[in-house]
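S.K.: Following this line is structure39.cif, made up of mmCIF, C-alpha atoms:
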```
data_start
#
loop_
_atom_site.label_atom_id
_atom_site.label_comp_id
_atom_site.auth_asym_id
_atom_site.auth_seq_id
_atom_site.Cartn_x
_atom_site.Cartn_y
_atom_site.Cartn_z
CA MET A 1 0.00 0.00 0.00
CA LYS A 2 1.47 3.30 -1.10
CA GLU A 3 0.10 6.79 -0.49
CA PHE A 4 0.22 9.75 -2.84
CA GLU A 5 -1.15 13.27 -2.80
CA ALA A 6 -1.13 16.27 -5.08
CA THR A 7 -2.91 19.61 -5.09
CA PHE A 8 -4.31 21.71 -7.92
CA ARG A 9 -5.53 25.27 -8.19
CA LEU A 10 -8.79 24.92 -10.13
CA GLU A 11 -11.23 27.52 -11.44
CA ALA A 12 -14.76 27.90 -10.06
CA ALA A 13 -17.94 26.06 -11.18
CA PHE A 14 -16.31 23.67 -13.64
CA GLY A 15 -12.56 23.96 -13.12
CA HIS A 16 -10.76 20.85 -14.37
CA ALA A 17 -7.38 19.20 -14.74
CA ASP A 18 -6.10 16.10 -16.51
CA VAL A 19 -4.36 13.95 -13.87
CA THR A 20 -3.63 10.93 -16.06
CA SER A 21 0.11 11.60 -16.29
CA LEU A 22 0.31 12.33 -12.59
CA ALA A 23 -1.43 9.06 -11.73
CA ALA A 24 0.75 7.16 -14.21
CA GLY A 25 3.76 8.66 -12.47
CA TRP A 26 2.54 7.35 -9.13
CA VAL A 27 2.22 3.86 -10.61
CA ALA A 28 5.75 4.11 -12.03
CA GLU A 29 7.13 5.44 -8.75
CA ALA A 30 5.56 2.53 -6.87
CA GLU A 31 6.97 0.12 -9.47
CA ALA A 32 3.61 -1.59 -9.34
CA ASP A 33 2.98 -4.33 -11.89
CA VAL A 34 -0.57 -5.37 -10.99
CA GLY A 35 -2.92 -3.61 -8.60
CA ILE A 36 -5.52 -0.92 -8.20
CA LEU A 37 -5.22 2.82 -7.75
CA SER A 38 -7.95 4.33 -5.59
CA LEU A 39 -8.30 8.08 -6.17
CA GLN A 40 -10.29 10.58 -4.12
CA VAL A 41 -10.80 14.30 -4.69
CA VAL A 42 -11.22 15.59 -1.17
CA GLY A 43 -14.27 17.73 -0.43
CA SER A 44 -18.01 17.98 -0.99
CA THR A 45 -17.71 20.16 -4.12
CA GLY A 46 -15.07 18.16 -6.00
CA GLY A 47 -15.44 15.56 -8.72
CA ILE A 48 -13.56 12.90 -10.64
CA THR A 49 -14.40 10.80 -13.69
CA THR A 50 -12.85 9.60 -16.94
CA ILE A 51 -13.43 11.44 -20.19
CA GLU A 52 -11.67 12.25 -23.45
CA TYR A 53 -9.95 15.32 -22.08
CA GLU A 54 -10.39 17.76 -24.97
CA PRO A 55 -12.23 21.12 -24.98
CA GLY A 56 -15.23 19.85 -26.92
CA ALA A 57 -16.13 16.90 -24.67
CA LEU A 58 -15.46 19.02 -21.58
CA ALA A 59 -17.78 21.77 -22.87
CA ASP A 60 -20.47 19.14 -23.53
CA LEU A 61 -20.15 17.82 -19.97
CA GLU A 62 -20.32 21.34 -18.56
CA ARG A 63 -23.47 22.05 -20.56
CA ALA A 64 -25.12 18.82 -19.36
CA LEU A 65 -24.32 19.67 -15.73
CA GLU A 66 -25.61 23.20 -16.33
CA LYS A 67 -28.97 21.69 -17.31
CA ILE A 68 -29.16 19.36 -14.31
CA ALA A 69 -27.59 21.72 -11.77
CA PRO A 70 -27.46 25.27 -13.18
CA VAL A 71 -25.08 27.76 -11.56
CA GLU A 72 -27.86 30.36 -11.41
CA GLY A 73 -30.58 27.96 -10.22
CA ARG A 74 -32.52 28.13 -6.98
CA TYR A 75 -31.27 25.80 -4.28
CA ARG A 76 -32.55 24.93 -0.84
CA HIS A 77 -28.92 24.69 0.24
CA ASN A 78 -28.40 28.36 -0.66
CA GLU A 79 -31.55 29.41 1.14
CA ARG A 80 -30.26 27.84 4.33
CA TRP A 81 -26.57 28.70 4.15
CA HIS A 82 -26.31 31.69 1.79
CA ASP A 83 -23.01 30.45 0.38
CA GLY A 84 -24.25 30.16 -3.18
CA ASN A 85 -22.77 26.75 -3.92
CA GLY A 86 -25.88 24.60 -3.98
CA PHE A 87 -25.15 23.69 -7.59
CA SER A 88 -21.65 22.61 -6.55
CA HIS A 89 -22.87 20.06 -4.02
CA LEU A 90 -25.33 18.67 -6.51
CA ARG A 91 -22.75 18.31 -9.28
CA SER A 92 -20.35 16.63 -6.86
CA ALA A 93 -22.93 14.16 -5.55
CA LEU A 94 -23.88 13.20 -9.12
CA ILE A 95 -20.40 12.86 -10.63
CA GLY A 96 -18.77 11.45 -7.49
CA THR A 97 -15.45 12.16 -5.84
CA SER A 98 -13.79 8.75 -5.97
CA LEU A 99 -12.53 6.54 -8.76
CA THR A 100 -10.76 3.20 -8.85
CA VAL A 101 -8.48 2.34 -11.78
CA PRO A 102 -6.90 -1.08 -12.32
CA ILE A 103 -3.18 -1.46 -13.00
CA ARG A 104 -1.84 -4.17 -15.30
CA SER A 105 1.64 -4.72 -16.76
CA GLY A 106 2.82 -1.68 -14.83
CA ALA A 107 0.29 0.70 -16.39
CA LEU A 108 -3.14 2.14 -15.63
CA VAL A 109 -5.86 0.33 -17.58
CA LEU A 110 -7.33 3.14 -19.70
CA GLY A 111 -8.40 3.48 -23.31
CA THR A 112 -6.42 5.48 -25.85
CA TRP A 113 -8.71 8.49 -25.57
CA GLN A 114 -9.64 7.99 -21.94
CA GLN A 115 -8.17 10.37 -19.40
CA ILE A 116 -8.72 10.85 -15.66
CA ALA A 117 -10.15 14.31 -15.01
CA VAL A 118 -10.62 16.04 -11.64
CA PHE A 119 -13.09 18.88 -11.15
CA ASN A 120 -13.75 21.78 -8.84
CA PHE A 121 -17.48 22.51 -8.85
CA ASP A 122 -17.33 25.07 -6.02
CA ASN A 123 -18.44 28.65 -6.73
CA ARG A 124 -14.94 29.92 -6.10
CA SER A 125 -11.49 28.92 -7.25
CA ARG A 126 -10.11 26.24 -4.95
CA GLU A 127 -6.88 24.50 -4.10
CA ARG A 128 -8.07 20.89 -4.38
CA ALA A 129 -6.30 17.80 -3.05
CA LEU A 130 -6.17 14.49 -4.89
CA VAL A 131 -5.28 11.47 -2.77
CA GLY A 132 -4.17 8.19 -4.31
CA LEU A 133 -3.77 4.85 -2.58
CA LEU A 134 -2.11 2.10 -4.55
CA LEU A 135 -2.74 -1.53 -3.61
CA GLU A 136 -0.71 -4.34 -5.11
CA MET B 137 -9.18 -7.65 4.99
CA LYS B 138 -11.95 -7.01 7.46
CA GLU B 139 -15.70 -7.30 6.91
CA PHE B 140 -18.43 -5.09 8.31
CA GLU B 141 -22.18 -4.86 7.87
CA ALA B 142 -24.97 -2.67 9.17
CA THR B 143 -28.65 -2.32 8.31
CA PHE B 144 -30.89 0.74 8.19
CA ARG B 145 -34.63 1.24 7.97
CA LEU B 146 -35.00 3.90 5.28
CA GLU B 147 -38.06 5.71 3.94
CA ALA B 148 -39.36 5.19 0.40
CA ALA B 149 -38.32 7.04 -2.79
CA PHE B 150 -35.48 9.09 -1.29
CA GLY B 151 -34.87 7.70 2.20
CA HIS B 152 -31.37 8.53 3.40
CA ALA B 153 -28.92 8.13 6.25
CA ASP B 154 -25.52 9.58 7.10
CA VAL B 155 -23.14 6.64 7.59
CA THR B 156 -19.93 8.63 8.02
CA SER B 157 -19.63 7.97 11.77
CA LEU B 158 -20.47 4.32 11.28
CA ALA B 159 -17.76 3.94 8.62
CA ALA B 160 -15.27 5.86 10.76
CA GLY B 161 -16.06 3.45 13.60
CA TRP B 162 -15.25 0.51 11.32
CA VAL B 163 -11.88 2.08 10.49
CA ALA B 164 -11.19 2.63 14.21
CA GLU B 165 -12.29 -0.91 15.08
CA ALA B 166 -9.94 -2.33 12.45
CA GLU B 167 -7.14 -0.10 13.77
CA ALA B 168 -6.34 0.60 10.14
CA ASP B 169 -3.71 3.26 9.47
CA VAL B 170 -3.62 3.23 5.66
CA GLY B 171 -6.02 1.43 3.34
CA ILE B 172 -9.29 1.62 1.47
CA LEU B 173 -12.84 1.06 2.59
CA SER B 174 -15.08 -0.41 -0.10
CA LEU B 175 -18.76 0.17 0.63
CA GLN B 176 -21.77 -1.38 -1.08
CA VAL B 177 -25.47 -0.76 -0.51
CA VAL B 178 -26.96 -4.11 -1.40
CA GLY B 179 -29.83 -4.15 -3.91
CA SER B 180 -30.98 -2.72 -7.22
CA THR B 181 -32.87 0.22 -5.67
CA GLY B 182 -30.20 1.46 -3.25
CA GLY B 183 -27.65 4.23 -3.62
CA ILE B 184 -24.52 5.68 -2.07
CA THR B 185 -22.55 8.88 -2.69
CA THR B 186 -20.87 11.68 -0.77
CA ILE B 187 -22.66 14.96 -0.11
CA GLU B 188 -22.86 17.69 2.50
CA TYR B 189 -25.47 15.91 4.57
CA GLU B 190 -27.81 18.78 5.43
CA PRO B 191 -31.52 19.18 4.56
CA GLY B 192 -30.92 21.79 1.85
CA ALA B 193 -28.41 19.87 -0.25
CA LEU B 194 -30.43 16.67 0.20
CA ALA B 195 -33.60 18.43 -0.99
CA ASP B 196 -31.69 19.74 -4.02
CA LEU B 197 -30.49 16.23 -4.88
CA GLU B 198 -34.00 14.85 -4.49
CA ARG B 199 -35.38 17.53 -6.81
CA ALA B 200 -32.71 16.79 -9.44
CA LEU B 201 -33.51 13.07 -9.31
CA GLU B 202 -37.21 13.90 -9.52
CA LYS B 203 -36.52 15.67 -12.82
CA ILE B 204 -34.45 12.83 -14.27
CA ALA B 205 -36.46 9.96 -12.79
CA PRO B 206 -39.80 11.25 -11.46
CA VAL B 207 -41.71 9.08 -8.99
CA GLU B 208 -44.90 9.55 -10.99
CA GLY B 209 -43.30 9.07 -14.41
CA ARG B 210 -44.10 6.37 -16.95
CA TYR B 211 -41.66 3.48 -16.97
CA ARG B 212 -41.27 0.45 -19.18
CA HIS B 213 -40.19 -1.44 -16.07
CA ASN B 214 -43.58 -0.75 -14.46
CA GLU B 215 -45.47 -1.77 -17.59
CA ARG B 216 -43.74 -5.14 -17.49
CA TRP B 217 -43.67 -5.87 -13.77
CA HIS B 218 -46.39 -3.68 -12.25
CA ASP B 219 -44.33 -3.07 -9.13
CA GLY B 220 -44.20 0.70 -9.56
CA ASN B 221 -40.52 1.11 -8.82
CA GLY B 222 -39.17 1.95 -12.28
CA PHE B 223 -37.95 5.30 -10.99
CA SER B 224 -36.11 3.47 -8.20
CA HIS B 225 -34.06 1.33 -10.57
CA LEU B 226 -33.20 4.36 -12.66
CA ARG B 227 -32.07 6.44 -9.67
CA SER B 228 -29.98 3.55 -8.39
CA ALA B 229 -28.27 2.93 -11.74
CA LEU B 230 -27.41 6.64 -12.05
CA ILE B 231 -26.17 7.30 -8.51
CA GLY B 232 -24.53 3.89 -8.06
CA THR B 233 -24.49 1.47 -5.15
CA SER B 234 -20.77 1.26 -4.41
CA LEU B 235 -18.20 3.71 -3.12
CA THR B 236 -14.52 3.42 -2.27
CA VAL B 237 -13.01 5.74 0.32
CA PRO B 238 -9.27 5.95 1.08
CA ILE B 239 -7.96 5.74 4.64
CA ARG B 240 -4.90 7.71 5.77
CA SER B 241 -3.46 8.32 9.24
CA GLY B 242 -6.18 6.12 10.65
CA ALA B 243 -9.05 8.19 9.22
CA LEU B 244 -11.31 8.24 6.18
CA VAL B 245 -10.15 10.80 3.62
CA LEU B 246 -13.14 13.17 3.44
CA GLY B 247 -13.56 16.93 3.35
CA THR B 248 -14.90 18.88 6.31
CA TRP B 249 -18.40 19.11 4.85
CA GLN B 250 -18.30 15.82 3.01
CA GLN B 251 -20.35 12.95 4.39
CA ILE B 252 -21.12 9.45 3.13
CA ALA B 253 -24.85 9.10 2.49
CA VAL B 254 -26.79 5.92 1.70
CA PHE B 255 -30.17 5.98 -0.01
CA ASN B 256 -33.25 3.84 -0.45
CA PHE B 257 -34.88 4.74 -3.77
CA ASP B 258 -37.44 1.92 -3.65
CA ASN B 259 -41.13 2.80 -3.63
CA ARG B 260 -41.56 1.34 -0.16
CA SER B 261 -39.67 1.67 3.08
CA ARG B 262 -36.84 -0.86 3.18
CA GLU B 263 -34.39 -2.41 5.58
CA ARG B 264 -31.18 -1.81 3.63
CA ALA B 265 -27.81 -3.47 4.21
CA LEU B 266 -24.50 -1.66 3.94
CA VAL B 267 -21.46 -3.90 3.54
CA GLY B 268 -17.93 -2.61 4.10
CA LEU B 269 -14.68 -4.33 3.25
CA LEU B 270 -11.51 -2.78 4.60
CA LEU B 271 -8.20 -3.49 2.88
CA GLU B 272 -4.91 -2.47 4.43
CA MET C 273 -4.25 -10.22 -6.70
CA LYS C 274 -5.67 -12.00 -9.71
CA GLU C 275 -6.26 -10.58 -13.19
CA PHE C 276 -9.15 -11.32 -15.52
CA GLU C 277 -10.26 -10.02 -18.89
CA ALA C 278 -13.13 -10.66 -21.27
CA THR C 279 -14.35 -8.97 -24.45
CA PHE C 280 -17.86 -8.37 -25.77
CA ARG C 281 -19.25 -7.29 -29.12
CA LEU C 282 -21.79 -4.63 -28.16
CA GLU C 283 -24.24 -2.62 -30.27
CA ALA C 284 -23.89 1.13 -30.82
CA ALA C 285 -25.29 3.96 -28.63
CA PHE C 286 -26.64 1.79 -25.80
CA GLY C 287 -25.29 -1.71 -26.37
CA HIS C 288 -25.29 -3.71 -23.15
CA ALA C 289 -24.43 -7.06 -21.61
CA ASP C 290 -25.04 -8.70 -18.25
CA VAL C 291 -21.64 -9.70 -16.85
CA THR C 292 -22.80 -10.91 -13.44
CA SER C 293 -22.25 -14.59 -14.20
CA LEU C 294 -18.90 -13.87 -15.78
CA ALA C 295 -17.74 -11.91 -12.72
CA ALA C 296 -19.08 -14.60 -10.39
CA GLY C 297 -17.07 -17.13 -12.39
CA TRP C 298 -13.92 -15.09 -11.83
CA VAL C 299 -14.57 -15.10 -8.08
CA ALA C 300 -15.09 -18.86 -8.15
CA GLU C 301 -11.97 -19.41 -10.27
CA ALA C 302 -9.91 -17.37 -7.80
CA GLU C 303 -11.44 -19.35 -4.93
CA ALA C 304 -11.76 -16.02 -3.15
CA ASP C 305 -13.66 -16.03 0.14
CA VAL C 306 -13.45 -12.35 1.09
CA GLY C 307 -12.19 -9.51 -1.07
CA ILE C 308 -13.09 -6.93 -3.65
CA LEU C 309 -13.47 -7.17 -7.41
CA SER C 310 -12.47 -4.01 -9.25
CA LEU C 311 -13.98 -3.86 -12.75
CA GLN C 312 -13.13 -1.47 -15.57
CA VAL C 313 -14.68 -1.17 -19.03
CA VAL C 314 -11.77 0.10 -21.06
CA GLY C 315 -12.33 3.21 -23.18
CA SER C 316 -13.84 6.68 -23.14
CA THR C 317 -17.22 5.58 -24.54
CA GLY C 318 -17.88 2.58 -22.28
CA GLY C 319 -19.89 2.30 -19.10
CA ILE C 320 -20.62 0.04 -16.16
CA THR C 321 -23.19 0.12 -13.37
CA THR C 322 -25.58 -2.17 -11.52
CA ILE C 323 -29.22 -2.44 -12.54
CA GLU C 324 -32.04 -4.97 -12.65
CA TYR C 325 -31.04 -6.33 -16.03
CA GLU C 326 -34.45 -6.69 -17.71
CA PRO C 327 -35.69 -4.96 -20.89
CA GLY C 328 -37.96 -2.50 -19.07
CA ALA C 329 -35.38 -1.03 -16.70
CA LEU C 330 -32.81 -0.95 -19.50
CA ALA C 331 -35.24 0.94 -21.77
CA ASP C 332 -35.89 3.42 -18.93
CA LEU C 333 -32.17 4.02 -18.48
CA GLU C 334 -31.71 4.49 -22.23
CA ARG C 335 -34.54 7.03 -22.32
CA ALA C 336 -33.06 8.96 -19.39
CA LEU C 337 -29.65 9.07 -21.09
CA GLU C 338 -31.36 10.14 -24.31
CA LYS C 339 -32.74 13.16 -22.47
CA ILE C 340 -29.43 14.13 -20.89
CA ALA C 341 -27.21 13.19 -23.83
CA PRO C 342 -29.34 12.67 -26.97
CA VAL C 343 -27.82 10.75 -29.87
CA GLU C 344 -28.99 13.44 -32.29
CA GLY C 345 -27.96 16.40 -30.12
CA ARG C 346 -25.44 19.08 -30.96
CA TYR C 347 -22.04 18.59 -29.39
CA ARG C 348 -18.91 20.67 -29.26
CA HIS C 349 -16.95 17.45 -29.44
CA ASN C 350 -18.53 16.66 -32.83
CA GLU C 351 -17.87 20.16 -34.14
CA ARG C 352 -14.18 19.71 -33.39
CA TRP C 353 -13.64 16.10 -34.35
CA HIS C 354 -16.49 15.21 -36.72
CA ASP C 355 -16.71 11.69 -35.35
CA GLY C 356 -20.30 12.00 -34.18
CA ASN C 357 -19.82 10.42 -30.77
CA GLY C 358 -20.14 13.46 -28.52
CA PHE C 359 -23.15 11.86 -26.82
CA SER C 360 -21.06 8.74 -26.19
CA HIS C 361 -18.37 10.60 -24.25
CA LEU C 362 -20.99 12.38 -22.20
CA ARG C 363 -22.86 9.19 -21.31
CA SER C 364 -19.61 7.49 -20.36
CA ALA C 365 -18.43 10.36 -18.14
CA LEU C 366 -21.79 10.42 -16.35
CA ILE C 367 -22.28 6.66 -15.82
CA GLY C 368 -18.61 5.88 -15.23
CA THR C 369 -16.39 3.08 -16.47
CA SER C 370 -15.30 1.48 -13.20
CA LEU C 371 -17.10 -0.41 -10.46
CA THR C 372 -15.95 -2.09 -7.27
CA VAL C 373 -17.95 -5.00 -5.87
CA PRO C 374 -17.26 -6.62 -2.48
CA ILE C 375 -16.90 -10.39 -2.12
CA ARG C 376 -18.10 -12.22 0.99
CA SER C 377 -18.48 -15.94 1.70
CA GLY C 378 -17.08 -16.64 -1.74
CA ALA C 379 -19.73 -14.62 -3.59
CA LEU C 380 -20.21 -11.14 -5.01
CA VAL C 381 -22.29 -8.95 -2.69
CA LEU C 382 -25.30 -8.11 -4.87
CA GLY C 383 -29.03 -7.96 -4.30
CA THR C 384 -31.40 -10.55 -5.74
CA TRP C 385 -32.43 -8.33 -8.64
CA GLN C 386 -29.12 -6.50 -8.96
CA GLN C 387 -26.92 -7.32 -11.93
CA ILE C 388 -23.65 -5.88 -13.23
CA ALA C 389 -24.21 -4.36 -16.67
CA VAL C 390 -21.57 -3.11 -19.11
CA PHE C 391 -22.38 -0.64 -21.88
CA ASN C 392 -21.06 0.53 -25.20
CA PHE C 393 -22.17 4.13 -25.74
CA ASP C 394 -20.07 4.66 -28.88
CA ASN C 395 -21.84 5.49 -32.14
CA ARG C 396 -20.69 2.25 -33.70
CA SER C 397 -20.69 -1.35 -32.60
CA ARG C 398 -17.55 -2.08 -30.60
CA GLU C 399 -15.55 -4.96 -29.23
CA ARG C 400 -15.25 -3.82 -25.62
CA ALA C 401 -12.85 -5.17 -23.00
CA LEU C 402 -13.76 -5.70 -19.36
CA VAL C 403 -10.83 -6.00 -16.96
CA GLY C 404 -11.24 -7.39 -13.47
CA LEU C 405 -8.73 -7.31 -10.64
CA LEU C 406 -9.53 -9.38 -7.58
CA LEU C 407 -7.94 -8.47 -4.25
CA GLU C 408 -8.20 -10.76 -1.26
#
```
Translate this structure into structure tokens?

M.R.:
Amino acid sequence: MKEFEATFRLEAAFGHADVTSLAAGWVAEAEADVGILSLQVVGSTGGITTIEYEPGALADLERALEKIAPVEGRYRHNERWHDGNGFSHLRSALIGTSLTVPIRSGALVLGTWQQIAVFNFDNRSRERALVGLLLE
Amino acid sequence: MKEFEATFRLEAAFGHADVTSLAAGWVAEAEADVGILSLQVVGSTGGITTIEYEPGALADLERALEKIAPVEGRYRHNERWHDGNGFSHLRSALIGTSLTVPIRSGALVLGTWQQIAVFNFDNRSRERALVGLLLE
Amino acid sequence: MKEFEATFRLEAAFGHADVTSLAAGWVAEAEADVGILSLQVVGSTGGITTIEYEPGALADLERALEKIAPVEGRYRHNERWHDGNGFSHLRSALIGTSLTVPIRSGALVLGTWQQIAVFNFDNRSRERALVGLLLE
């Protein structure tokens, strides 16, 4: 079991970063041949999933989330707490904050066009932590 | 590898419970320092995710699910089986029934406002089982 | 740690297969009593979740995805790449491509009506790979 952590400064609402190379580096550093990498974006307004990390697909995902959980929508969370990030909690609960990726032959099992993307859905720019635990 | 299980009586359609303390207790009981906790809500109408567990954010999530999978909607599942829980299966498939949470320094890796919530989406109150497997 | 892999020829847009028996066979082959099975559908247009695998519930899920990510919608991804599978990437990012299932008493922890379903969301029929890593 090996532990890793990195932090990212991400934009508000739909800030994103491609962490595929970072995660691949962790696998290389651990010299793992077979195992799983469990990733967690820490916090109730973060997110993680896999996607073809290119501006078009990302814009499509942002638009879909904007329909389900619009930035300017009305939220019971905001009425109670007045922090304006009701949409952020909703996006995070729907996309999820954890992801498990298998490792085989010393590499993450991902498709050619499949990248690991982390998100900051909060209504302000955030320094977000990504934690990785590697089990062999 | 340690096994845990707990059951909850949850309301219909969007019954929920905060299991963060329970899961933290499992980690403490196992005296785990570093590892992962794999959680599964058993059944095709359950759900699990992380969210700020407060009435506002929960109401926002319920409203979003009501748009995507309304309780009173028309479902092919219901036409075939007449059990009225088509919306339940849809909500469960979208939110998911399993969650993996890393453990570091003897604690679950979660944000300050981030809780683990389990759901019963079925159209009747259910006794739901949560199974946890802890790997060090 | 044991490795497994299988491939499936799946239809376009919402091709699906029930892999519950296959995964149960992997658990039996590994003679695992307690553990976790980490599954990954490889590729940026695949998907995996649990659902009651019957035509009604599957049709309901397809209709819900058609609302969120319609096959005939307009996508920024398509405008850039002209490959017509913008909806596929969106569906995959929302449903997810990985799933972790606990194993207890030598069996996958699943409800009676809960099956593991893999999906091909691409706009053409695809040979899709499912990778399973079993940790005891």

S.K.: What are the residues of chain B lining chain C at 8 Å or less? Count all atoms listed in the file, and put the answer as a JSON list (two decimals) with C-alpha atoms, in the frame of the given file.

M.R.:
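Saved as out17.json:
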```json
[["chain", "number", "residue", "atom", "x", "y", "z"],
["B", 137, "MET", "CA", -9.18, -7.65, 4.99],
["B", 174, "SER", "CA", -15.08, -0.41, -0.10],
["B", 175, "LEU", "CA", -18.76, 0.17, 0.63],
["B", 176, "GLN", "CA", -21.77, -1.38, -1.08],
["B", 178, "VAL", "CA", -26.96, -4.11, -1.40],
["B", 179, "GLY", "CA", -29.83, -4.15, -3.91],
["B", 180, "SER", "CA", -30.98, -2.72, -7.22],
["B", 204, "ILE", "CA", -34.45, 12.83, -14.27],
["B", 205, "ALA", "CA", -36.46, 9.96, -12.79],
["B", 211, "TYR", "CA", -41.66, 3.48, -16.97],
["B", 212, "ARG", "CA", -41.27, 0.45, -19.18],
["B", 213, "HIS", "CA", -40.19, -1.44, -16.07],
["B", 214, "ASN", "CA", -43.58, -0.75, -14.46],
["B", 215, "GLU", "CA", -45.47, -1.77, -17.59],
["B", 216, "ARG", "CA", -43.74, -5.14, -17.49],
["B", 222, "GLY", "CA", -39.17, 1.95, -12.28],
["B", 225, "HIS", "CA", -34.06, 1.33, -10.57],
["B", 226, "LEU", "CA", -33.20, 4.36, -12.66],
["B", 228, "SER", "CA", -29.98, 3.55, -8.39],
["B", 229, "ALA", "CA", -28.27, 2.93, -11.74],
["B", 230, "LEU", "CA", -27.41, 6.64, -12.05],
["B", 232, "GLY", "CA", -24.53, 3.89, -8.06],
["B", 233, "THR", "CA", -24.49, 1.47, -5.15],
["B", 234, "SER", "CA", -20.77, 1.26, -4.41],
["B", 235, "LEU", "CA", -18.20, 3.71, -3.12],
["B", 236, "THR", "CA", -14.52, 3.42, -2.27],
["B", 267, "VAL", "CA", -21.46, -3.90, 3.54],
["B", 268, "GLY", "CA", -17.93, -2.61, 4.10],
["B", 269, "LEU", "CA", -14.68, -4.33, 3.25]]
```

S.K.: Could you state the separation of CA of Asp33 (chain A) and CA of Phe276 (chain C) in Å, given to one decimal place?

M.R.: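 It comes out at 14.5 Å.
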
S.K.: Which residues would end up in the selection if the PyMOL selection byres ((chain C and resi 401) around 6) were applied here, given that I need the answer as a PDB file with C-alpha atoms, in the frame of the given file?

M.R.:
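Saved as result_17.pdb:
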```pdb
ATOM      1  CA  ALA C 278     -13.130 -10.660 -21.270  1.00  0.00           C
ATOM      2  CA  THR C 279     -14.350  -8.970 -24.450  1.00  0.00           C
ATOM      3  CA  VAL C 313     -14.680  -1.170 -19.030  1.00  0.00           C
ATOM      4  CA  VAL C 314     -11.770   0.100 -21.060  1.00  0.00           C
ATOM      5  CA  ARG C 400     -15.250  -3.820 -25.620  1.00  0.00           C
ATOM      6  CA  LEU C 402     -13.760  -5.700 -19.360  1.00  0.00           C
TER       7      LEU C 402
END
```

S.K.: Would you compute the distance between CA of Glu275 (chain C) and CA of Thr20 (chain A)? Give it in Å to one decimal.

M.R.: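 It comes out at 21.9 Å.
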
S.K.: To one decimal place in Å, what is the distance between CA of Gly46 (chain A) and CA of Gly318 (chain C)?

M.R.: 22.7 Å

S.K.: Tell me which protein, DNA and RNA residues are within 8 Å of His16 (chain A), counting all atoms listed in the file, leaving out same-chain ones fewer than 2 positions away, and put them as number ranges by chain.

M.R.: A: 10-11, 14, 18, 117-120

S.K.: Please write the residues picked by the PyMOL selection byres ((chain B and resi 207) around 9) on this file as a PyMOL selection string.

M.R.: chain B and resi 149+202+205-206+208-210+220-224+259

S.K.: Written as a PyMOL selection string, what is the full residue list that the PyMOL selection byres ((chain B and resi 145) around 6) yields on the file shown?

M.R.: chain B and resi 144+146+262-263
